[in-house]
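To start, the structure itself, in structure tokens.
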Amino acid sequence: MNDEKIIVPLDVPDLDSAIALINKLPQVTFWKVGLELFTSTGPKILDILKSQEKRIFLDLKFHDIPNTVAGACRAAAGYGVDLLTIHATCGSDALKAAAEAVEIGAEKAGTKPPQLIAITLLTSISPRQLAFDLKIPLELPEFALKMALLAEKSGLNGAVCSPQEVQQLRETCKNEFLLVCPGIRPTWSDKGDQKRSLTPSQAITAGADYLVIGRPITAAAEPELAWNLIVEELKTFPTKNQRIID
Ligand SMILES: O=c1ccn([C@@H]2O[C@H](COP(=O)(O)O)[C@@H](O)[C@H]2O)c(=O)[nH]1
């Protein structure tokens, strides 16, 4: 089912707003908890989602030295979440330490380890910013691909990439390497701060396993209608991948 491939971020300031959004969209099976909500509420929101049998993407985007990311990953793996993020630019030592740490943390807590996925390059960065702000002397798709391959080689389960690069990553990375795409914008929605976006159907056709779709749904005047429009759009498109993490 294509609607199981949609992850909706709970990008709200507090627990009450998060609960209101979850209740408004009971059909959403996969929620993302990110920096804003986790910083304000801590793990309470994870318990609420688990009590409703929702899948959880804990998007804390760790970026630090190997010892520190390993500690953070050990702790996060204990929450029993489905997906967890780290920046690929931490480098191979930190990525390997993180991959090992999620196994250790989950075993200690008696939970299933999360799929650890690496941010290749934030979808809010344009090719111009990559060159002029970050001074990276590579074309953007090549940089994103190199980050995905670094993550794969370091033992991670997948990557977060823009839908504009997902086809190239799908063709190059192993079939089981998960590709999760934020920066999804239906034709009727505002791009906002997203610089490398595609529509839901384009992203799925290009090979995305999961789509992270926030404001087009959550900031819509009628979130349920926005959700239905997206699900309807996806029904008419074949999916390249039928992988659903269990
Ligand atoms: O490269 C990235 C990595 C993560 N995100 C997160 O996805 C959502 C997108 O929300 P929208 O409202 O659909 O823009 C948001 O939580 C980001 O933190 C990303 O956009 N890009």
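Please note that chains go A, B, ... in the order of the structure tokens, that every chain numbers its residues from 1, and that ligands are numbered from 1 in the order shown.
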Residues contacting ligand 1 - anything with an atom at most 8 Å away, using only C-alpha atoms and all ligand atoms - can you give me those as an mmCIF file with N, CA, C and O atoms, in the first residue's frame?
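Saved the output as out15.cif:
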data_model
loop_
_atom_site.group_PDB
_atom_site.id
_atom_site.type_symbol
_atom_site.label_atom_id
_atom_site.label_comp_id
_atom_site.auth_asym_id
_atom_site.auth_seq_id
_atom_site.Cartn_x
_atom_site.Cartn_y
_atom_site.Cartn_z
ATOM 1 N N VAL A 8 4.827 11.192 8.091
ATOM 2 C CA VAL A 8 4.437 12.582 8.347
ATOM 3 C C VAL A 8 5.206 13.100 9.572
ATOM 4 O O VAL A 8 5.185 12.471 10.628
ATOM 5 N N PRO A 9 5.918 14.223 9.421
ATOM 6 C CA PRO A 9 6.660 14.762 10.563
ATOM 7 C C PRO A 9 5.753 15.477 11.555
ATOM 8 O O PRO A 9 4.870 16.221 11.163
ATOM 9 N N LEU A 10 6.032 15.225 12.831
ATOM 10 C CA LEU A 10 5.342 15.948 13.897
ATOM 11 C C LEU A 10 6.185 17.192 14.226
ATOM 12 O O LEU A 10 6.799 17.263 15.291
ATOM 13 N N ASP A 11 6.253 18.115 13.272
ATOM 14 C CA ASP A 11 7.055 19.322 13.498
ATOM 15 C C ASP A 11 6.215 20.371 14.210
ATOM 16 O O ASP A 11 5.754 21.358 13.619
ATOM 17 N N LYS A 32 7.102 10.974 12.120
ATOM 18 C CA LYS A 32 8.506 11.352 12.347
ATOM 19 C C LYS A 32 8.563 12.322 13.524
ATOM 20 O O LYS A 32 7.831 13.312 13.560
ATOM 21 N N VAL A 33 9.441 12.023 14.463
ATOM 22 C CA VAL A 33 9.692 12.934 15.591
ATOM 23 C C VAL A 33 11.052 13.552 15.347
ATOM 24 O O VAL A 33 12.057 12.841 15.211
ATOM 25 N N GLY A 34 11.085 14.875 15.284
ATOM 26 C CA GLY A 34 12.336 15.553 14.955
ATOM 27 C C GLY A 34 12.854 16.408 16.090
ATOM 28 O O GLY A 34 12.428 16.278 17.252
ATOM 29 N N LEU A 35 13.755 17.283 15.729
ATOM 30 C CA LEU A 35 14.496 18.046 16.737
ATOM 31 C C LEU A 35 13.600 18.922 17.608
ATOM 32 O O LEU A 35 13.794 18.996 18.826
ATOM 33 N N ASP A 59 14.125 11.361 14.074
ATOM 34 C CA ASP A 59 15.009 12.097 13.159
ATOM 35 C C ASP A 59 15.835 13.120 13.949
ATOM 36 O O ASP A 59 15.574 14.316 13.889
ATOM 37 N N ILE A 119 21.906 10.993 6.540
ATOM 38 C CA ILE A 119 21.558 12.169 5.733
ATOM 39 C C ILE A 119 22.711 12.375 4.744
ATOM 40 O O ILE A 119 23.876 12.482 5.150
ATOM 41 N N THR A 120 22.386 12.434 3.462
ATOM 42 C CA THR A 120 23.423 12.646 2.442
ATOM 43 C C THR A 120 23.734 14.137 2.324
ATOM 44 O O THR A 120 24.864 14.565 2.519
ATOM 45 N N LEU A 121 22.711 14.907 2.016
ATOM 46 C CA LEU A 121 22.823 16.374 1.984
ATOM 47 C C LEU A 121 21.417 16.923 2.190
ATOM 48 O O LEU A 121 20.489 16.522 1.469
ATOM 49 N N LEU A 122 21.262 17.811 3.162
ATOM 50 C CA LEU A 122 19.927 18.344 3.487
ATOM 51 C C LEU A 122 19.225 18.862 2.225
ATOM 52 O O LEU A 122 19.858 19.521 1.377
ATOM 53 N N THR A 123 17.945 18.579 2.140
ATOM 54 C CA THR A 123 17.174 18.956 0.940
ATOM 55 C C THR A 123 16.946 20.464 0.837
ATOM 56 O O THR A 123 16.437 20.944 -0.170
ATOM 57 N N SER A 124 17.338 21.194 1.859
ATOM 58 C CA SER A 124 17.214 22.662 1.827
ATOM 59 C C SER A 124 18.467 23.316 1.235
ATOM 60 O O SER A 124 18.537 24.543 1.133
ATOM 61 N N VAL A 160 18.996 9.156 3.684
ATOM 62 C CA VAL A 160 17.982 10.184 3.425
ATOM 63 C C VAL A 160 18.529 11.009 2.282
ATOM 64 O O VAL A 160 19.667 11.482 2.350
ATOM 65 N N CYS A 161 17.751 11.137 1.222
ATOM 66 C CA CYS A 161 18.245 11.908 0.070
ATOM 67 C C CYS A 161 17.093 12.688 -0.532
ATOM 68 O O CYS A 161 15.930 12.406 -0.255
ATOM 69 N N SER A 162 17.434 13.659 -1.363
ATOM 70 C CA SER A 162 16.377 14.400 -2.045
ATOM 71 C C SER A 162 15.806 13.509 -3.154
ATOM 72 O O SER A 162 16.517 12.656 -3.703
ATOM 73 N N CYS A 181 12.980 9.836 1.312
ATOM 74 C CA CYS A 181 13.036 11.173 0.681
ATOM 75 C C CYS A 181 12.127 12.196 1.341
ATOM 76 O O CYS A 181 10.895 12.106 1.236
ATOM 77 N N PRO A 182 12.730 13.227 1.973
ATOM 78 C CA PRO A 182 11.963 14.432 2.304
ATOM 79 C C PRO A 182 12.028 15.364 1.086
ATOM 80 O O PRO A 182 12.517 14.966 0.028
ATOM 81 N N GLY A 183 11.523 16.599 1.248
ATOM 82 C CA GLY A 183 11.556 17.531 0.111
ATOM 83 C C GLY A 183 10.507 17.141 -0.921
ATOM 84 O O GLY A 183 10.692 17.362 -2.115
ATOM 85 N N ILE A 184 9.409 16.542 -0.464
ATOM 86 C CA ILE A 184 8.340 16.135 -1.383
ATOM 87 C C ILE A 184 7.300 17.259 -1.443
ATOM 88 O O ILE A 184 6.830 17.732 -0.413
ATOM 89 N N ARG A 185 6.963 17.651 -2.666
ATOM 90 C CA ARG A 185 5.998 18.725 -2.837
ATOM 91 C C ARG A 185 5.002 18.399 -3.951
ATOM 92 O O ARG A 185 5.371 18.368 -5.125
ATOM 93 N N LYS A 191 6.789 25.368 -1.987
ATOM 94 C CA LYS A 191 8.092 24.703 -1.761
ATOM 95 C C LYS A 191 8.669 25.087 -0.403
ATOM 96 O O LYS A 191 9.403 24.333 0.212
ATOM 97 N N GLY A 192 8.377 26.288 0.070
ATOM 98 C CA GLY A 192 8.946 26.740 1.350
ATOM 99 C C GLY A 192 10.463 26.739 1.278
ATOM 100 O O GLY A 192 11.049 27.193 0.294
ATOM 101 N N ASP A 193 11.117 26.171 2.281
ATOM 102 C CA ASP A 193 12.587 26.179 2.318
ATOM 103 C C ASP A 193 13.215 24.980 1.591
ATOM 104 O O ASP A 193 14.439 24.812 1.613
ATOM 105 N N GLN A 194 12.407 24.133 0.971
ATOM 106 C CA GLN A 194 12.952 22.954 0.271
ATOM 107 C C GLN A 194 13.494 23.365 -1.101
ATOM 108 O O GLN A 194 12.783 23.997 -1.886
ATOM 109 N N VAL A 212 8.837 11.534 3.060
ATOM 110 C CA VAL A 212 8.531 12.337 4.257
ATOM 111 C C VAL A 212 7.785 13.577 3.765
ATOM 112 O O VAL A 212 8.337 14.373 3.005
ATOM 113 N N ILE A 213 6.522 13.688 4.141
ATOM 114 C CA ILE A 213 5.710 14.814 3.642
ATOM 115 C C ILE A 213 5.097 15.542 4.842
ATOM 116 O O ILE A 213 4.235 14.998 5.536
ATOM 117 N N GLY A 214 5.594 16.767 5.072
ATOM 118 C CA GLY A 214 5.157 17.534 6.236
ATOM 119 C C GLY A 214 4.154 18.611 5.895
ATOM 120 O O GLY A 214 2.948 18.353 5.768
ATOM 121 N N ARG A 215 4.639 19.830 5.706
ATOM 122 C CA ARG A 215 3.748 20.989 5.593
ATOM 123 C C ARG A 215 2.668 20.892 4.518
ATOM 124 O O ARG A 215 1.570 21.413 4.743
ATOM 125 N N PRO A 216 2.928 20.221 3.366
ATOM 126 C CA PRO A 216 1.820 20.114 2.415
ATOM 127 C C PRO A 216 0.590 19.459 3.057
ATOM 128 O O PRO A 216 -0.543 19.741 2.673
ATOM 129 N N THR A 218 0.415 18.907 6.905
ATOM 130 C CA THR A 218 0.147 19.406 8.264
ATOM 131 C C THR A 218 -0.219 20.893 8.311
ATOM 132 O O THR A 218 -0.900 21.330 9.228
#
Pull the strand (DSSP E or B) assignments for stretch 32-95 of chain A out of DSSP run on the backbone, and list those residues as a CSV table (one decimal) with N, CA and C atoms, in the first residue's frame.
chain,number,residue,atom,x,y,z
A,32,LYS,N,7.1,11.0,12.1
A,32,LYS,CA,8.5,11.4,12.3
A,32,LYS,C,8.6,12.3,13.5
A,33,VAL,N,9.4,12.0,14.5
A,33,VAL,CA,9.7,12.9,15.6
A,33,VAL,C,11.1,13.6,15.3
A,55,ARG,N,4.4,3.5,13.7
A,55,ARG,CA,5.8,3.3,13.4
A,55,ARG,C,6.4,4.7,13.7
A,56,ILE,N,7.7,4.7,14.1
A,56,ILE,CA,8.4,5.9,14.5
A,56,ILE,C,9.7,6.1,13.8
A,57,PHE,N,9.9,7.3,13.2
A,57,PHE,CA,11.1,7.7,12.6
A,57,PHE,C,11.7,8.8,13.6
A,58,LEU,N,12.7,8.5,14.3
A,58,LEU,CA,13.3,9.4,15.2
A,58,LEU,C,14.5,10.1,14.5
A,59,ASP,N,14.1,11.4,14.1
A,59,ASP,CA,15.0,12.1,13.2
A,59,ASP,C,15.8,13.1,13.9
A,60,LEU,N,16.8,12.6,14.7
A,60,LEU,CA,17.6,13.5,15.5
A,60,LEU,C,18.9,14.0,14.8
A,61,LYS,N,19.2,13.4,13.6
A,61,LYS,CA,20.3,13.9,12.8
A,61,LYS,C,21.6,14.1,13.6
A,62,PHE,N,22.1,13.0,14.2
A,62,PHE,CA,23.3,13.1,15.0
A,62,PHE,C,24.5,13.5,14.1
A,83,LEU,N,13.2,4.0,12.7
A,83,LEU,CA,14.3,4.7,11.9
A,83,LEU,C,15.0,5.7,12.7
A,84,LEU,N,16.3,5.8,12.5
A,84,LEU,CA,17.1,6.8,13.2
A,84,LEU,C,18.1,7.4,12.3
A,85,THR,N,18.4,8.7,12.4
A,85,THR,CA,19.3,9.4,11.5
A,85,THR,C,20.6,9.9,12.1
A,86,ILE,N,21.6,9.9,11.2
A,86,ILE,CA,22.9,10.5,11.5
A,86,ILE,C,23.4,11.1,10.2
A,87,HIS,N,24.2,12.2,10.3
A,87,HIS,CA,24.7,12.8,9.1
A,87,HIS,C,25.9,12.0,8.5
Contact residues around A:Glu139 with only C-alpha atoms at 10 Å, ignoring same-chain residues under 3 positions, as a ChimeraX atom specification
/A:127-128,130-131,136,142-144
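The nearest approach to A:Thr205 among the residues A:Leu25, A:Ala221, A:Leu178, A:Val166, with only C-alpha atoms taken into account, belongs to A:Val166.
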Report as a JSON list (two decimals) with N, CA, C and O atoms, in the first residue's frame all protein, DNA and RNA residues lying within 12 Å of A:Thr68, evaluated on only C-alpha atoms, omitting residues in the same chain fewer than 2 positions from it.
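The resulting file, result_16.json, is reproduced below:
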[["chain", "number", "residue", "atom", "x", "y", "z"],
["A", 62, "PHE", "N", 22.06, 12.99, 14.17],
["A", 62, "PHE", "CA", 23.29, 13.10, 14.97],
["A", 62, "PHE", "C", 24.47, 13.52, 14.09],
["A", 62, "PHE", "O", 24.62, 13.06, 12.96],
["A", 63, "HIS", "N", 25.32, 14.38, 14.66],
["A", 63, "HIS", "CA", 26.51, 14.83, 13.94],
["A", 63, "HIS", "C", 27.58, 15.17, 14.98],
["A", 63, "HIS", "O", 27.55, 16.25, 15.59],
["A", 64, "ASP", "N", 28.51, 14.24, 15.20],
["A", 64, "ASP", "CA", 29.51, 14.48, 16.25],
["A", 64, "ASP", "C", 30.68, 13.51, 16.04],
["A", 64, "ASP", "O", 30.72, 12.77, 15.05],
["A", 65, "ILE", "N", 31.58, 13.47, 17.01],
["A", 65, "ILE", "CA", 32.73, 12.56, 16.91],
["A", 65, "ILE", "C", 32.27, 11.12, 17.19],
["A", 65, "ILE", "O", 31.19, 10.91, 17.76],
["A", 66, "PRO", "N", 33.07, 10.12, 16.79],
["A", 66, "PRO", "CA", 32.62, 8.72, 16.92],
["A", 66, "PRO", "C", 32.12, 8.34, 18.32],
["A", 66, "PRO", "O", 31.04, 7.76, 18.46],
["A", 70, "ALA", "N", 28.20, 7.36, 18.99],
["A", 70, "ALA", "CA", 27.94, 5.98, 19.43],
["A", 70, "ALA", "C", 27.09, 6.00, 20.70],
["A", 70, "ALA", "O", 26.11, 5.24, 20.82],
["A", 71, "GLY", "N", 27.42, 6.85, 21.64],
["A", 71, "GLY", "CA", 26.64, 6.95, 22.88],
["A", 71, "GLY", "C", 25.21, 7.37, 22.60],
["A", 71, "GLY", "O", 24.25, 6.79, 23.15],
["A", 72, "ALA", "N", 25.04, 8.34, 21.72],
["A", 72, "ALA", "CA", 23.68, 8.82, 21.39],
["A", 72, "ALA", "C", 22.88, 7.71, 20.70],
["A", 72, "ALA", "O", 21.70, 7.52, 20.98],
["A", 73, "CYS", "N", 23.54, 6.98, 19.81],
["A", 73, "CYS", "CA", 22.83, 5.90, 19.09],
["A", 73, "CYS", "C", 22.46, 4.75, 20.03],
["A", 73, "CYS", "O", 21.39, 4.16, 19.90],
["A", 74, "ARG", "N", 23.37, 4.44, 20.98],
["A", 74, "ARG", "CA", 23.05, 3.39, 21.96],
["A", 74, "ARG", "C", 21.78, 3.77, 22.73],
["A", 74, "ARG", "O", 20.88, 2.96, 22.92],
["A", 75, "ALA", "N", 21.74, 5.03, 23.16],
["A", 75, "ALA", "CA", 20.59, 5.49, 23.94],
["A", 75, "ALA", "C", 19.32, 5.50, 23.09],
["A", 75, "ALA", "O", 18.27, 5.01, 23.51],
["A", 86, "ILE", "N", 21.58, 9.95, 11.20],
["A", 86, "ILE", "CA", 22.90, 10.49, 11.52],
["A", 86, "ILE", "C", 23.38, 11.15, 10.22],
["A", 86, "ILE", "O", 22.99, 10.71, 9.13],
["A", 90, "CYS", "N", 29.60, 12.87, 9.21],
["A", 90, "CYS", "CA", 30.34, 12.52, 10.44],
["A", 90, "CYS", "C", 31.61, 11.75, 10.07],
["A", 90, "CYS", "O", 32.55, 11.68, 10.85],
["A", 93, "ASP", "N", 34.45, 6.59, 10.47],
["A", 93, "ASP", "CA", 34.66, 6.05, 11.83],
["A", 93, "ASP", "C", 33.41, 6.23, 12.68],
["A", 93, "ASP", "O", 32.98, 5.32, 13.40],
["A", 94, "ALA", "N", 32.81, 7.42, 12.59],
["A", 94, "ALA", "CA", 31.61, 7.69, 13.38],
["A", 94, "ALA", "C", 30.43, 6.85, 12.88],
["A", 94, "ALA", "O", 29.63, 6.35, 13.68],
["A", 95, "LEU", "N", 30.31, 6.69, 11.57],
["A", 95, "LEU", "CA", 29.19, 5.90, 11.03],
["A", 95, "LEU", "C", 29.30, 4.45, 11.46],
["A", 95, "LEU", "O", 28.30, 3.83, 11.87],
["A", 97, "ALA", "N", 30.89, 3.32, 14.11],
["A", 97, "ALA", "CA", 30.64, 3.26, 15.57],
["A", 97, "ALA", "C", 29.14, 3.35, 15.85],
["A", 97, "ALA", "O", 28.61, 2.66, 16.73],
["A", 98, "ALA", "N", 28.45, 4.18, 15.08],
["A", 98, "ALA", "CA", 27.01, 4.35, 15.27],
["A", 98, "ALA", "C", 26.26, 3.06, 14.90],
["A", 98, "ALA", "O", 25.34, 2.63, 15.62],
["A", 101, "ALA", "N", 26.72, 0.67, 17.59],
["A", 101, "ALA", "CA", 26.07, 1.11, 18.83],
["A", 101, "ALA", "C", 24.57, 0.85, 18.82],
["A", 101, "ALA", "O", 23.99, 0.53, 19.86]]
DSSP says helix (DSSP H, G or I) for which residues of stretch 65-222 of chain A? Put them as a PyMOL selection string?
chain A and resi 66-77+88-90+92-109+127-132+140-153+163-172+200-206+215-218
Skip A:Ala148 itself and residues of its chain fewer than 5 positions away, then list as a list in words all residues within 8 Å of it, counting only C-alpha atoms.
Ala88, Ala118, Thr120, Gly158, Ala159, Leu169 and Cys173 of chain A
Can you spit out the residues from that selection as a PDB file, in the first residue's frame, using N, CA and C atoms?
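Saved the output as part-v5.pdb:
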ATOM      1  N   ALA A  88      25.877  11.686   7.243  1.00  0.00           N
ATOM      2  CA  ALA A  88      26.976  10.943   6.615  1.00  0.00           C
ATOM      3  C   ALA A  88      28.297  11.692   6.762  1.00  0.00           C
ATOM      4  N   ALA A 118      21.546   7.496   6.876  1.00  0.00           N
ATOM      5  CA  ALA A 118      22.425   8.670   6.871  1.00  0.00           C
ATOM      6  C   ALA A 118      21.870   9.792   6.001  1.00  0.00           C
ATOM      7  N   THR A 120      22.386  12.434   3.462  1.00  0.00           N
ATOM      8  CA  THR A 120      23.423  12.646   2.442  1.00  0.00           C
ATOM      9  C   THR A 120      23.734  14.137   2.324  1.00  0.00           C
ATOM     10  N   GLY A 158      20.602   2.586   5.253  1.00  0.00           N
ATOM     11  CA  GLY A 158      20.001   3.364   4.181  1.00  0.00           C
ATOM     12  C   GLY A 158      20.423   4.817   4.261  1.00  0.00           C
ATOM     13  N   ALA A 159      19.739   5.641   3.440  1.00  0.00           N
ATOM     14  CA  ALA A 159      20.091   7.062   3.396  1.00  0.00           C
ATOM     15  C   ALA A 159      18.841   7.912   3.244  1.00  0.00           C
ATOM     16  N   LEU A 169      20.820   7.023  -6.766  1.00  0.00           N
ATOM     17  CA  LEU A 169      21.198   6.213  -5.597  1.00  0.00           C
ATOM     18  C   LEU A 169      20.593   4.813  -5.712  1.00  0.00           C
ATOM     19  N   CYS A 173      23.189   1.872  -5.283  1.00  0.00           N
ATOM     20  CA  CYS A 173      23.291   1.203  -3.972  1.00  0.00           C
ATOM     21  C   CYS A 173      22.624  -0.176  -4.044  1.00  0.00           C
TER      22      CYS A 173
END
For A:Glu100, which residue out of A:Asn2, A:Asn67, A:Thr172, A:Ser126 is the nearest one, using only C-alpha atoms?
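Nearest candidate to A:Glu100 out of A:Asn2, A:Asn67, A:Thr172, A:Ser126: A:Asn67.
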Test item: residues at most 10 Å from A:Lys50, only C-alpha atoms, excluding those fewer than 4 positions along its chain, as a list in words
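Returned residues: Ile45, Leu46, Lys54, Arg55, Ile56, Tyr79, Gly80 and Val81 of chain A.
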Residues at most 12 Å from stretch 225-238 of chain A, counting only C-alpha atoms, excluding those fewer than 2 positions away in the same chain, as a compact mmCIF listing (two decimals) with N, CA, C and O atoms, in the first residue's frame?
# COMPACT_ATOMS: atom_id res chain seq x y z
N MET A 1 0.85 -1.21 0.00
CA MET A 1 0.00 0.00 0.00
C MET A 1 0.88 1.25 0.00
O MET A 1 1.72 1.43 0.86
N ASN A 2 0.62 2.13 -0.96
CA ASN A 2 1.46 3.32 -1.03
C ASN A 2 1.32 4.26 0.15
O ASN A 2 2.24 5.00 0.47
N ASP A 3 0.16 4.25 0.84
CA ASP A 3 0.02 5.20 1.96
C ASP A 3 0.91 4.81 3.14
O ASP A 3 1.25 5.65 3.97
N GLU A 4 1.34 3.54 3.19
CA GLU A 4 2.28 3.12 4.25
C GLU A 4 3.68 3.64 3.97
O GLU A 4 4.58 3.53 4.79
N LYS A 5 3.88 4.19 2.79
CA LYS A 5 5.19 4.74 2.42
C LYS A 5 5.30 6.22 2.76
O LYS A 5 6.32 6.84 2.51
N ILE A 6 4.22 6.78 3.31
CA ILE A 6 4.25 8.21 3.65
C ILE A 6 4.54 8.36 5.14
O ILE A 6 3.83 7.80 5.99
N ILE A 7 5.59 9.13 5.44
CA ILE A 7 5.94 9.44 6.83
C ILE A 7 5.60 10.91 7.04
O ILE A 7 6.02 11.77 6.27
N VAL A 8 4.83 11.19 8.09
CA VAL A 8 4.44 12.58 8.35
C VAL A 8 5.21 13.10 9.57
O VAL A 8 5.18 12.47 10.63
N LYS A 24 -5.97 14.16 14.51
CA LYS A 24 -6.58 14.70 13.30
C LYS A 24 -6.34 13.77 12.10
O LYS A 24 -7.10 13.75 11.16
N LEU A 25 -5.23 13.00 12.16
CA LEU A 25 -4.87 12.16 11.01
C LEU A 25 -4.69 10.69 11.46
O LEU A 25 -3.57 10.16 11.44
N PRO A 26 -5.79 10.04 11.89
CA PRO A 26 -5.66 8.67 12.39
C PRO A 26 -5.16 7.68 11.34
O PRO A 26 -4.66 6.61 11.67
N GLN A 27 -5.31 8.04 10.06
CA GLN A 27 -4.89 7.12 8.99
C GLN A 27 -3.38 7.07 8.80
O GLN A 27 -2.87 6.20 8.11
N VAL A 28 -2.64 8.01 9.42
CA VAL A 28 -1.18 8.00 9.29
C VAL A 28 -0.60 6.89 10.17
O VAL A 28 -0.88 6.82 11.36
N ILE A 184 9.41 16.54 -0.46
CA ILE A 184 8.34 16.14 -1.38
C ILE A 184 7.30 17.26 -1.44
O ILE A 184 6.83 17.73 -0.41
N ARG A 185 6.96 17.65 -2.67
CA ARG A 185 6.00 18.73 -2.84
C ARG A 185 5.00 18.40 -3.95
O ARG A 185 5.37 18.37 -5.13
N PRO A 186 3.73 18.14 -3.58
CA PRO A 186 2.71 18.00 -4.62
C PRO A 186 2.65 19.29 -5.45
O PRO A 186 3.06 20.35 -4.96
N THR A 187 2.13 19.21 -6.67
CA THR A 187 2.11 20.40 -7.55
C THR A 187 1.35 21.56 -6.91
O THR A 187 1.65 22.72 -7.18
N TRP A 188 0.38 21.24 -6.05
CA TRP A 188 -0.47 22.29 -5.47
C TRP A 188 0.10 22.91 -4.18
O TRP A 188 -0.55 23.74 -3.55
N SER A 189 1.32 22.51 -3.78
CA SER A 189 1.83 23.02 -2.48
C SER A 189 3.01 23.96 -2.66
O SER A 189 3.68 23.95 -3.69
N THR A 199 7.48 15.81 -6.91
CA THR A 199 6.14 15.45 -6.43
C THR A 199 6.16 14.04 -5.84
O THR A 199 7.10 13.26 -6.10
N PRO A 200 5.12 13.67 -5.06
CA PRO A 200 5.09 12.31 -4.49
C PRO A 200 5.21 11.23 -5.56
O PRO A 200 5.99 10.29 -5.42
N SER A 201 4.45 11.35 -6.64
CA SER A 201 4.49 10.29 -7.66
C SER A 201 5.84 10.24 -8.36
O SER A 201 6.35 9.15 -8.67
N GLN A 202 6.44 11.40 -8.60
CA GLN A 202 7.78 11.39 -9.23
C GLN A 202 8.80 10.69 -8.32
O GLN A 202 9.64 9.93 -8.78
N ALA A 203 8.71 10.98 -7.01
CA ALA A 203 9.68 10.39 -6.08
C ALA A 203 9.53 8.88 -5.98
O ALA A 203 10.52 8.14 -5.97
N ILE A 204 8.29 8.42 -5.93
CA ILE A 204 8.05 6.97 -5.85
C ILE A 204 8.50 6.29 -7.15
O ILE A 204 9.15 5.25 -7.13
N THR A 205 8.18 6.92 -8.27
CA THR A 205 8.57 6.34 -9.56
C THR A 205 10.09 6.27 -9.68
O THR A 205 10.65 5.34 -10.27
N ALA A 206 10.77 7.24 -9.09
CA ALA A 206 12.25 7.27 -9.16
C ALA A 206 12.90 6.25 -8.22
O ALA A 206 14.10 6.04 -8.29
N GLY A 207 12.11 5.65 -7.32
CA GLY A 207 12.68 4.57 -6.51
C GLY A 207 12.74 4.83 -5.01
O GLY A 207 13.39 4.07 -4.28
N ALA A 208 12.05 5.88 -4.52
CA ALA A 208 12.05 6.12 -3.06
C ALA A 208 11.30 5.00 -2.35
O ALA A 208 10.27 4.54 -2.83
N LEU A 211 8.45 8.37 1.66
CA LEU A 211 8.37 9.81 1.41
C LEU A 211 8.06 10.49 2.74
O LEU A 211 7.15 10.07 3.46
N VAL A 212 8.84 11.53 3.06
CA VAL A 212 8.53 12.34 4.26
C VAL A 212 7.79 13.58 3.76
O VAL A 212 8.34 14.37 3.01
N ILE A 213 6.52 13.69 4.14
CA ILE A 213 5.71 14.81 3.64
C ILE A 213 5.10 15.54 4.84
O ILE A 213 4.23 15.00 5.54
N GLY A 214 5.59 16.77 5.07
CA GLY A 214 5.16 17.53 6.24
C GLY A 214 4.15 18.61 5.90
O GLY A 214 2.95 18.35 5.77
N ARG A 215 4.64 19.83 5.71
CA ARG A 215 3.75 20.99 5.59
C ARG A 215 2.67 20.89 4.52
O ARG A 215 1.57 21.41 4.74
N PRO A 216 2.93 20.22 3.37
CA PRO A 216 1.82 20.11 2.42
C PRO A 216 0.59 19.46 3.06
O PRO A 216 -0.54 19.74 2.67
N ILE A 217 0.81 18.60 4.07
CA ILE A 217 -0.32 17.98 4.78
C ILE A 217 -0.63 18.75 6.06
O ILE A 217 -1.74 19.21 6.28
N THR A 218 0.41 18.91 6.91
CA THR A 218 0.15 19.41 8.26
C THR A 218 -0.22 20.89 8.31
O THR A 218 -0.90 21.33 9.23
N ALA A 219 0.24 21.67 7.31
CA ALA A 219 -0.10 23.10 7.31
C ALA A 219 -1.27 23.39 6.38
O ALA A 219 -1.63 24.55 6.18
N ALA A 220 -1.86 22.34 5.81
CA ALA A 220 -3.00 22.55 4.90
C ALA A 220 -4.22 22.98 5.71
O ALA A 220 -4.35 22.61 6.89
N ALA A 221 -5.12 23.71 5.06
CA ALA A 221 -6.35 24.13 5.75
C ALA A 221 -7.12 22.88 6.18
O ALA A 221 -7.73 22.85 7.25
N GLU A 222 -7.07 21.84 5.33
CA GLU A 222 -7.74 20.57 5.68
C GLU A 222 -6.73 19.44 5.51
O GLU A 222 -6.60 18.86 4.42
N PRO A 223 -5.98 19.11 6.57
CA PRO A 223 -4.92 18.09 6.47
C PRO A 223 -5.41 16.75 5.93
O PRO A 223 -4.71 16.10 5.14
N LYS A 240 8.52 1.19 -7.60
CA LYS A 240 9.65 0.34 -7.99
C LYS A 240 9.95 -0.65 -6.87
O LYS A 240 10.36 -1.75 -7.08
N ASN A 241 9.78 -0.16 -5.64
CA ASN A 241 10.15 -0.98 -4.48
C ASN A 241 8.93 -1.27 -3.66
O ASN A 241 8.14 -0.38 -3.40
N GLN A 242 8.82 -2.50 -3.21
CA GLN A 242 7.69 -2.85 -2.37
C GLN A 242 8.16 -3.06 -0.94
O GLN A 242 7.48 -3.66 -0.14
